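J.: The structure file protein_34.cif (mmCIF, C-alpha atoms and all ligand atoms) is provided below.
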```cif
data_input
loop_
_atom_site.label_atom_id
_atom_site.label_comp_id
_atom_site.auth_asym_id
_atom_site.auth_seq_id
_atom_site.Cartn_x
_atom_site.Cartn_y
_atom_site.Cartn_z
CA MET M 1057 28.23 -6.63 1.47
CA SER M 1058 31.20 -4.63 0.25
CA GLN M 1059 31.21 -2.75 -3.01
CA THR M 1060 34.48 -2.03 -4.82
CA LEU M 1061 34.19 0.52 -7.61
CA PRO M 1062 36.18 0.67 -10.83
CA GLY M 1063 38.63 3.60 -10.83
CA THR M 1064 36.48 5.40 -13.40
CA ILE M 1065 33.49 5.67 -11.04
CA PRO M 1066 33.82 8.15 -8.15
CA ALA M 1067 32.49 6.88 -4.81
CA SER M 1068 30.52 10.11 -4.46
CA LEU M 1069 28.63 9.38 -7.71
CA PHE M 1070 27.74 5.82 -6.72
CA GLU M 1071 26.70 6.91 -3.21
CA ALA M 1072 24.53 9.73 -4.55
CA CYS M 1073 22.72 7.29 -6.84
CA ALA M 1074 22.36 4.72 -4.05
CA ASP M 1075 20.89 7.37 -1.76
CA THR M 1076 18.46 8.55 -4.45
CA ILE M 1077 17.32 4.98 -5.10
CA ALA M 1078 16.86 4.30 -1.37
CA GLU M 1079 14.93 7.53 -0.79
CA THR M 1080 12.65 6.95 -3.79
CA ALA M 1081 12.08 3.35 -2.72
CA ARG M 1082 11.08 4.49 0.78
CA GLU M 1083 8.52 6.87 -0.72
CA LEU M 1084 7.07 4.19 -3.00
CA ALA M 1085 7.01 1.64 -0.18
CA ALA M 1086 5.15 4.13 2.02
CA LEU M 1087 2.47 4.26 -0.70
CA GLY M 1088 2.13 0.46 -0.47
CA TRP M 1089 3.47 -0.12 -3.97
CA THR M 1090 6.37 -2.46 -3.01
CA PRO M 1091 4.83 -5.18 -0.79
CA ALA M 1092 6.84 -8.08 0.63
CA THR M 1093 10.31 -7.41 -0.92
CA SER M 1094 8.76 -6.94 -4.39
CA SER M 1095 9.87 -4.23 -6.83
CA ASN M 1096 13.29 -3.12 -8.02
CA PHE M 1097 14.96 0.16 -8.88
CA SER M 1098 18.04 1.34 -10.72
CA MET M 1099 19.93 4.39 -11.94
CA ARG M 1100 22.46 4.73 -14.72
CA ILE M 1101 25.97 5.48 -13.49
CA ASP M 1102 27.72 5.91 -16.86
CA ALA M 1103 27.57 4.54 -20.40
CA ASP M 1104 28.44 1.01 -19.21
CA HIS M 1105 27.18 0.74 -15.62
CA ALA M 1106 24.11 1.10 -13.44
CA ALA M 1107 23.34 0.97 -9.72
CA ILE M 1108 20.53 -1.48 -8.89
CA THR M 1109 18.81 -2.95 -5.85
CA VAL M 1110 20.19 -6.19 -4.43
CA SER M 1111 17.69 -9.05 -4.93
CA GLY M 1112 15.25 -9.87 -2.14
CA ARG M 1113 15.70 -6.79 0.01
CA HIS M 1114 12.73 -4.98 1.54
CA LYS M 1115 12.46 -1.87 -0.60
CA GLY M 1116 11.10 0.28 2.19
CA ARG M 1117 14.25 -0.20 4.26
CA LEU M 1118 17.12 0.16 1.79
CA GLY M 1119 20.52 1.52 2.75
CA ARG M 1120 23.63 2.02 0.62
CA GLU M 1121 24.63 -1.62 1.25
CA ASP M 1122 21.42 -2.73 -0.53
CA ILE M 1123 22.41 -1.07 -3.81
CA MET M 1124 25.10 -2.59 -6.04
CA LEU M 1125 26.95 -1.91 -9.27
CA ILE M 1126 26.28 -3.87 -12.47
CA ASP M 1127 27.45 -3.62 -16.04
CA LEU M 1128 24.89 -3.37 -18.83
CA ASP M 1129 25.15 -7.12 -19.45
CA GLY M 1130 23.65 -7.47 -15.96
CA HIS M 1131 26.82 -8.78 -14.29
CA ALA M 1132 27.76 -7.73 -10.75
CA VAL M 1133 30.80 -5.45 -10.69
CA GLY M 1134 33.05 -5.29 -7.60
CA THR M 1135 30.70 -7.25 -5.32
CA ASP M 1136 29.46 -10.80 -4.62
CA ALA M 1137 25.91 -9.55 -4.09
CA ARG M 1138 23.11 -10.81 -6.35
CA PRO M 1139 21.41 -8.12 -8.41
CA SER M 1140 17.63 -8.01 -8.82
CA ALA M 1141 16.18 -11.11 -10.46
CA GLU M 1142 14.74 -8.72 -13.06
CA THR M 1143 18.02 -6.94 -13.85
CA ALA M 1144 17.75 -7.79 -17.56
CA LEU M 1145 14.64 -5.58 -17.84
CA HIS M 1146 16.59 -2.62 -16.47
CA THR M 1147 19.69 -3.11 -18.60
CA GLN M 1148 17.48 -3.47 -21.68
CA ILE M 1149 16.21 0.09 -21.14
CA TYR M 1150 19.71 1.51 -20.60
CA ARG M 1151 21.07 -0.30 -23.64
CA ARG M 1152 18.26 0.76 -25.96
CA TRP M 1153 18.11 4.38 -24.78
CA PRO M 1154 21.42 6.01 -23.82
CA GLN M 1155 19.50 9.06 -22.54
CA MET M 1156 17.55 7.05 -19.95
CA GLY M 1157 18.85 7.46 -16.39
CA ALA M 1158 16.45 5.64 -14.06
CA VAL M 1159 14.13 2.62 -14.14
CA LEU M 1160 11.38 1.88 -11.61
CA HIS M 1161 9.41 -1.34 -11.15
CA THR M 1162 6.60 -1.64 -8.60
CA HIS M 1163 3.81 -4.05 -7.64
CA SER M 1164 0.92 -1.86 -6.49
CA ARG M 1165 -2.53 -3.39 -6.06
CA THR M 1166 -3.89 -1.23 -8.90
CA GLN M 1167 -1.06 -2.23 -11.27
CA SER M 1168 -1.56 -5.90 -10.39
CA VAL M 1169 -5.36 -5.94 -10.80
CA VAL M 1170 -5.37 -3.87 -13.99
CA SER M 1171 -2.70 -6.08 -15.55
CA ARG M 1172 -4.94 -9.09 -15.09
CA LEU M 1173 -8.05 -7.31 -16.36
CA PHE M 1174 -6.36 -6.19 -19.58
CA ALA M 1175 -4.05 -9.15 -20.17
CA GLY M 1176 -6.42 -10.60 -22.76
CA ASP M 1177 -6.34 -7.36 -24.77
CA GLY M 1178 -2.55 -7.17 -24.48
CA VAL M 1179 -2.72 -3.39 -24.11
CA ILE M 1180 -4.39 -0.63 -22.12
CA ARG M 1181 -5.23 2.37 -24.28
CA LEU M 1182 -5.27 5.62 -22.30
CA GLN M 1183 -7.03 8.54 -23.95
CA GLY M 1184 -8.83 11.63 -22.71
CA TRP M 1185 -7.09 11.94 -19.37
CA GLU M 1186 -5.41 15.25 -18.55
CA LEU M 1187 -2.74 13.46 -16.53
CA GLN M 1188 -1.37 11.80 -19.69
CA LYS M 1189 0.52 15.08 -20.05
CA ALA M 1190 2.73 13.99 -17.14
CA ILE M 1191 4.34 11.53 -19.57
CA THR M 1192 7.21 13.21 -21.42
CA GLY M 1193 6.23 13.99 -25.00
CA TYR M 1194 2.45 13.87 -24.47
CA LEU M 1195 1.12 17.36 -24.99
CA THR M 1196 -2.64 16.96 -24.85
CA HIS M 1197 -5.27 14.76 -23.24
CA GLU M 1198 -6.38 13.85 -26.77
CA SER M 1199 -3.25 11.85 -27.51
CA THR M 1200 -3.30 8.07 -27.22
CA LEU M 1201 -0.99 6.39 -24.74
CA ASP M 1202 -0.76 2.61 -25.11
CA ILE M 1203 0.57 0.57 -22.19
CA PRO M 1204 1.22 -3.03 -23.30
CA VAL M 1205 0.50 -5.93 -20.96
CA PHE M 1206 2.99 -8.74 -21.49
CA PRO M 1207 2.45 -12.31 -20.19
CA ASN M 1208 4.40 -13.03 -17.03
CA THR M 1209 7.26 -15.51 -17.01
CA GLN M 1210 10.15 -16.33 -14.69
CA HIS M 1211 12.38 -16.54 -17.78
CA MET M 1212 13.75 -13.01 -18.20
CA PRO M 1213 14.97 -13.47 -21.80
CA ASP M 1214 11.36 -14.10 -22.84
CA LEU M 1215 10.23 -10.85 -21.21
CA VAL M 1216 13.12 -8.98 -22.78
CA ALA M 1217 12.12 -10.43 -26.17
CA GLN M 1218 8.51 -9.26 -25.74
CA VAL M 1219 9.68 -5.72 -25.02
CA ASP M 1220 12.09 -5.83 -27.97
CA ALA M 1221 9.31 -7.04 -30.29
CA TRP M 1222 7.06 -4.12 -29.27
CA LEU M 1223 9.84 -1.60 -29.85
CA ASP M 1224 11.07 -3.21 -33.05
CA ALA M 1225 7.53 -2.86 -34.41
CA GLY M 1226 8.08 0.91 -34.07
CA LYS M 1227 5.53 1.40 -31.29
CA PRO M 1228 6.15 4.09 -28.66
CA LEU M 1229 6.90 2.72 -25.19
CA HIS M 1230 6.99 4.64 -21.91
CA ALA M 1231 5.93 1.83 -19.61
CA TYR M 1232 4.63 -1.70 -19.65
CA LEU M 1233 2.69 -3.99 -17.37
CA ILE M 1234 3.44 -7.65 -16.78
CA ASP M 1235 0.34 -9.78 -16.24
CA GLY M 1236 -0.34 -10.38 -12.54
CA HIS M 1237 3.00 -8.85 -11.69
CA GLY M 1238 3.51 -5.08 -11.89
CA ILE M 1239 4.70 -2.15 -13.95
CA TYR M 1240 7.99 -0.95 -15.44
CA THR M 1241 8.60 2.66 -16.34
CA TRP M 1242 11.64 4.90 -16.70
CA GLY M 1243 12.91 8.41 -17.30
CA ARG M 1244 15.95 10.51 -18.09
CA ASP M 1245 16.45 10.93 -14.35
CA MET M 1246 14.82 9.65 -11.18
CA ALA M 1247 12.43 12.60 -10.94
CA GLU M 1248 11.07 11.93 -14.43
CA ALA M 1249 10.78 8.18 -13.79
CA GLN M 1250 8.92 8.84 -10.53
CA ARG M 1251 6.58 11.32 -12.23
CA HIS M 1252 5.80 8.71 -14.89
CA LEU M 1253 5.15 6.07 -12.24
CA GLU M 1254 2.85 8.30 -10.19
CA ALA M 1255 0.90 9.41 -13.28
CA LEU M 1256 0.50 5.85 -14.53
CA GLU M 1257 -0.66 4.59 -11.15
CA PHE M 1258 -3.31 7.33 -11.17
CA LEU M 1259 -4.36 6.69 -14.78
CA LEU M 1260 -4.57 2.92 -14.30
CA GLY M 1261 -6.65 3.50 -11.18
CA CYS M 1262 -9.03 5.67 -13.21
CA GLU M 1263 -9.39 2.96 -15.87
CA LEU M 1264 -10.10 0.42 -13.14
CA ASP M 1265 -12.77 2.64 -11.56
CA LEU M 1266 -14.38 3.22 -14.98
CA ARG M 1267 -14.49 -0.49 -15.63
CA LYS M 1268 -16.06 -1.15 -12.22
CA SER M 1269 -18.69 1.55 -12.61
CA ARG M 1270 -19.65 0.34 -16.09
CA ALA M 1271 -20.04 -3.20 -14.76
CA SER M 1272 -22.37 -2.20 -11.90
C1 LIG L 1301 8.58 -11.32 -3.79
S1 LIG L 1301 8.41 -10.46 -5.28
C2 LIG L 1301 9.00 -11.55 -6.56
C3 LIG L 1301 10.13 -10.99 -7.38
C4 LIG L 1301 9.73 -9.70 -8.01
O1 LIG L 1301 8.80 -9.66 -8.80
C5 LIG L 1301 10.38 -8.47 -7.68
O2 LIG L 1301 9.99 -7.42 -8.17
C6 LIG L 1301 11.52 -8.40 -6.72
O3 LIG L 1301 12.60 -9.13 -7.16
P1 LIG L 1301 14.10 -8.69 -6.72
O4 LIG L 1301 14.95 -9.87 -7.13
O5 LIG L 1301 14.41 -7.45 -7.47
O6 LIG L 1301 14.08 -8.43 -5.23
ZN ZN L 1302 8.62 -7.74 -9.88
#
```
In structure tokens, write the structure found in this file.
T.:
Amino acid sequence: MSQTLPGTIPASLFEACADTIAETARELAALGWTPATSSNFSMRIDADHAAITVSGRHKGRLGREDIMLIDLDGHAVGTDARPSAETALHTQIYRRWPQMGAVLHTHSRTQSVVSRLFAGDGVIRLQGWELQKAITGYLTHESTLDIPVFPNTQHMPDLVAQVDAWLDAGKPLHAYLIDGHGIYTWGRDMAEAQRHLEALEFLLGCELDLRKSRAS
């Protein structure tokens, strides 16, 4: 796959983002959170563009050629490659929050199981966990961190609409689960997005363990 860049985007910037995405993806794959070509990752390039994983690639073995440029309408720019099937969920974040610089989506076992357990409630309420403070803006374990669980669908506009409805209701959003599918979270840069993802994986695992121990 060849990637031609608009004159306004330096090759060095695109390559640095592609390398960051590939390195992060390798780390997440090594944790077992991206099985069987699942998951997708992106970084903002500028106000109108992002770099995103090409659809269907194994996320533990990404190189620069597996990352492509899109505009924030989700169209490929300067390449015939097909962007992630879930591109609309990435561009939604970049369009709604100009300060956001990276979006991560993974399919860990914990994320998948917890999403099914809490799908009926539509939300997982996290409270009392010290690690909530790893989420930007959460200063104490006493705060409440709600992670919505949206029904899964192959129709991306429906997922986008569910996220819009949550936000338009004025509810804070740092991450969401999709039932039986996985998690989306983001940050101002890749380091912040990765910190959010790691904290949420831990917190969801704790909720799962609590649920199991209460049931036994
Ligand atoms: C085999 S996983 C099904 C698609 C999916 O949920 C995913 O995260 C990966 O899709 P992509 O098009 O980004 O490779
Ligand atoms: Zn997915």
J.: Name all residues at most 10 Å from Asp1102 (chain M) (count all atoms listed in the file; drop same-chain ones fewer than 4 positions away) and give them as a PDB file with C-alpha atoms, keeping the file's coordinate frame.
T.:
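Saved the output as out39.pdb:
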```pdb
ATOM      1  CA  THR M1064      36.480   5.400 -13.400  1.00  0.00           C
ATOM      2  CA  ILE M1065      33.490   5.670 -11.040  1.00  0.00           C
ATOM      3  CA  LEU M1069      28.630   9.380  -7.710  1.00  0.00           C
ATOM      4  CA  ALA M1106      24.110   1.100 -13.440  1.00  0.00           C
ATOM      5  CA  ALA M1107      23.340   0.970  -9.720  1.00  0.00           C
ATOM      6  CA  ASP M1127      27.450  -3.620 -16.040  1.00  0.00           C
ATOM      7  CA  LEU M1128      24.890  -3.370 -18.830  1.00  0.00           C
ATOM      8  CA  TYR M1150      19.710   1.510 -20.600  1.00  0.00           C
ATOM      9  CA  PRO M1154      21.420   6.010 -23.820  1.00  0.00           C
ATOM     10  CA  GLY M1157      18.850   7.460 -16.390  1.00  0.00           C
TER      11      GLY M1157
END
```
J.: Counting all atoms listed in the file, which residue out of M:Ser1164, M:Thr1109, M:Gln1059, M:Ser1199 sits closest to ligand LIG 1301 (chain L)?
T.: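 When distances to ligand LIG 1301 (chain L) are compared using all atoms listed in the file, the smallest one comes from M:Thr1109.
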J.: How big is the axis-aligned box around the listed atoms of region 1198-1209 of chain M once 6 Å is added on each side, and where is its centre? Give both in Å to one decimal, as JSON.
T.:
```
{"center_x": 0.4, "center_y": -0.8, "center_z": -22.3, "size_x": 25.6, "size_y": 41.4, "size_z": 22.5}
```
J.: List all protein, DNA and RNA residues that have at least one atom no more than 6 Å from any atom of ligand LIG 1301 (chain L), counting only C-alpha atoms and all ligand atoms, and write them as a ChimeraX atom specification.
T.: /M:1092-1096,1111-1113,1140-1142
J.: Could you report the residues within 12 Å of ligand ZN 1302 (chain L), using only C-alpha atoms and all ligand atoms, as a short mmCIF file (atom, residue, chain, number, x, y, z; two decimals) with C-alpha atoms, in the frame of the given file?
T.:
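For reference, part-v1.cif as written:
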```cif
data_model
loop_
_atom_site.label_atom_id
_atom_site.label_comp_id
_atom_site.auth_asym_id
_atom_site.auth_seq_id
_atom_site.Cartn_x
_atom_site.Cartn_y
_atom_site.Cartn_z
CA TRP M 1089 3.47 -0.12 -3.97
CA THR M 1090 6.37 -2.46 -3.01
CA PRO M 1091 4.83 -5.18 -0.79
CA ALA M 1092 6.84 -8.08 0.63
CA THR M 1093 10.31 -7.41 -0.92
CA SER M 1094 8.76 -6.94 -4.39
CA SER M 1095 9.87 -4.23 -6.83
CA ASN M 1096 13.29 -3.12 -8.02
CA PHE M 1097 14.96 0.16 -8.88
CA THR M 1109 18.81 -2.95 -5.85
CA SER M 1111 17.69 -9.05 -4.93
CA GLY M 1112 15.25 -9.87 -2.14
CA LYS M 1115 12.46 -1.87 -0.60
CA SER M 1140 17.63 -8.01 -8.82
CA ALA M 1141 16.18 -11.11 -10.46
CA GLU M 1142 14.74 -8.72 -13.06
CA THR M 1143 18.02 -6.94 -13.85
CA ALA M 1144 17.75 -7.79 -17.56
CA LEU M 1145 14.64 -5.58 -17.84
CA HIS M 1146 16.59 -2.62 -16.47
CA LEU M 1160 11.38 1.88 -11.61
CA HIS M 1161 9.41 -1.34 -11.15
CA THR M 1162 6.60 -1.64 -8.60
CA HIS M 1163 3.81 -4.05 -7.64
CA SER M 1164 0.92 -1.86 -6.49
CA GLN M 1167 -1.06 -2.23 -11.27
CA SER M 1168 -1.56 -5.90 -10.39
CA ASN M 1208 4.40 -13.03 -17.03
CA THR M 1209 7.26 -15.51 -17.01
CA GLN M 1210 10.15 -16.33 -14.69
CA MET M 1212 13.75 -13.01 -18.20
CA LEU M 1215 10.23 -10.85 -21.21
CA LEU M 1233 2.69 -3.99 -17.37
CA ILE M 1234 3.44 -7.65 -16.78
CA ASP M 1235 0.34 -9.78 -16.24
CA GLY M 1236 -0.34 -10.38 -12.54
CA HIS M 1237 3.00 -8.85 -11.69
CA GLY M 1238 3.51 -5.08 -11.89
CA ILE M 1239 4.70 -2.15 -13.95
CA TYR M 1240 7.99 -0.95 -15.44
#
```
J.: What lies within 10 Å of Glu1263 (chain M) using only C-alpha atoms, ignoring chain neighbours under 5 positions off, as number ranges by chain?
T.: M: 1166, 1170, 1180-1182, 1185, 1258, 1268-1269
J.: Quick check, in Å to one decimal: how far apart do CA of Ile1108 (chain M) and CA of Asp1220 (chain M) lie?
T.: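 Distance reported for this atom pair: 21.3 Å.
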J.: Could you work out how far CA of Asp1177 (chain M) lies from CA of Thr1241 (chain M), giving the answer in Å with one decimal?
T.: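 A separation of 19.9 Å between them.
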J.: Using Å and a single decimal, report how far CA of Trp1153 (chain M) sits from CA of Glu1198 (chain M).
T.: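 Between these atoms lies a distance of 26.3 Å.
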J.: Can you work out which one of M:Glu1186, M:Glu1071, M:Asp1224, M:Glu1079 has the shortest atom-to-atom distance to Leu1125 (chain M), counting only C-alpha atoms?
T.: M:Glu1071
J.: Find the residue from M:Phe1174, M:Tyr1194, M:Tyr1232, M:Phe1070 that sits nearest to Ser1098 (chain M); use only C-alpha atoms when measuring.
T.: M:Phe1070
J.: With a distance cut-off of 10 Å and only C-alpha atoms, select the neighbouring residues of Thr1135 (chain M), excluding the residue or stretch itself and same-chain residues fewer than 2 positions from it, and output the selection as an NGL selection string.
T.: :M and (1057-1061 or 1124-1126 or 1131-1133 or 1137-1139)
J.: Measuring atom to atom with all atoms listed in the file, identify which of M:Gly1088, M:Pro1062, M:Gly1119, M:Gly1261 is nearest to Asp1104 (chain M).
T.: M:Pro1062
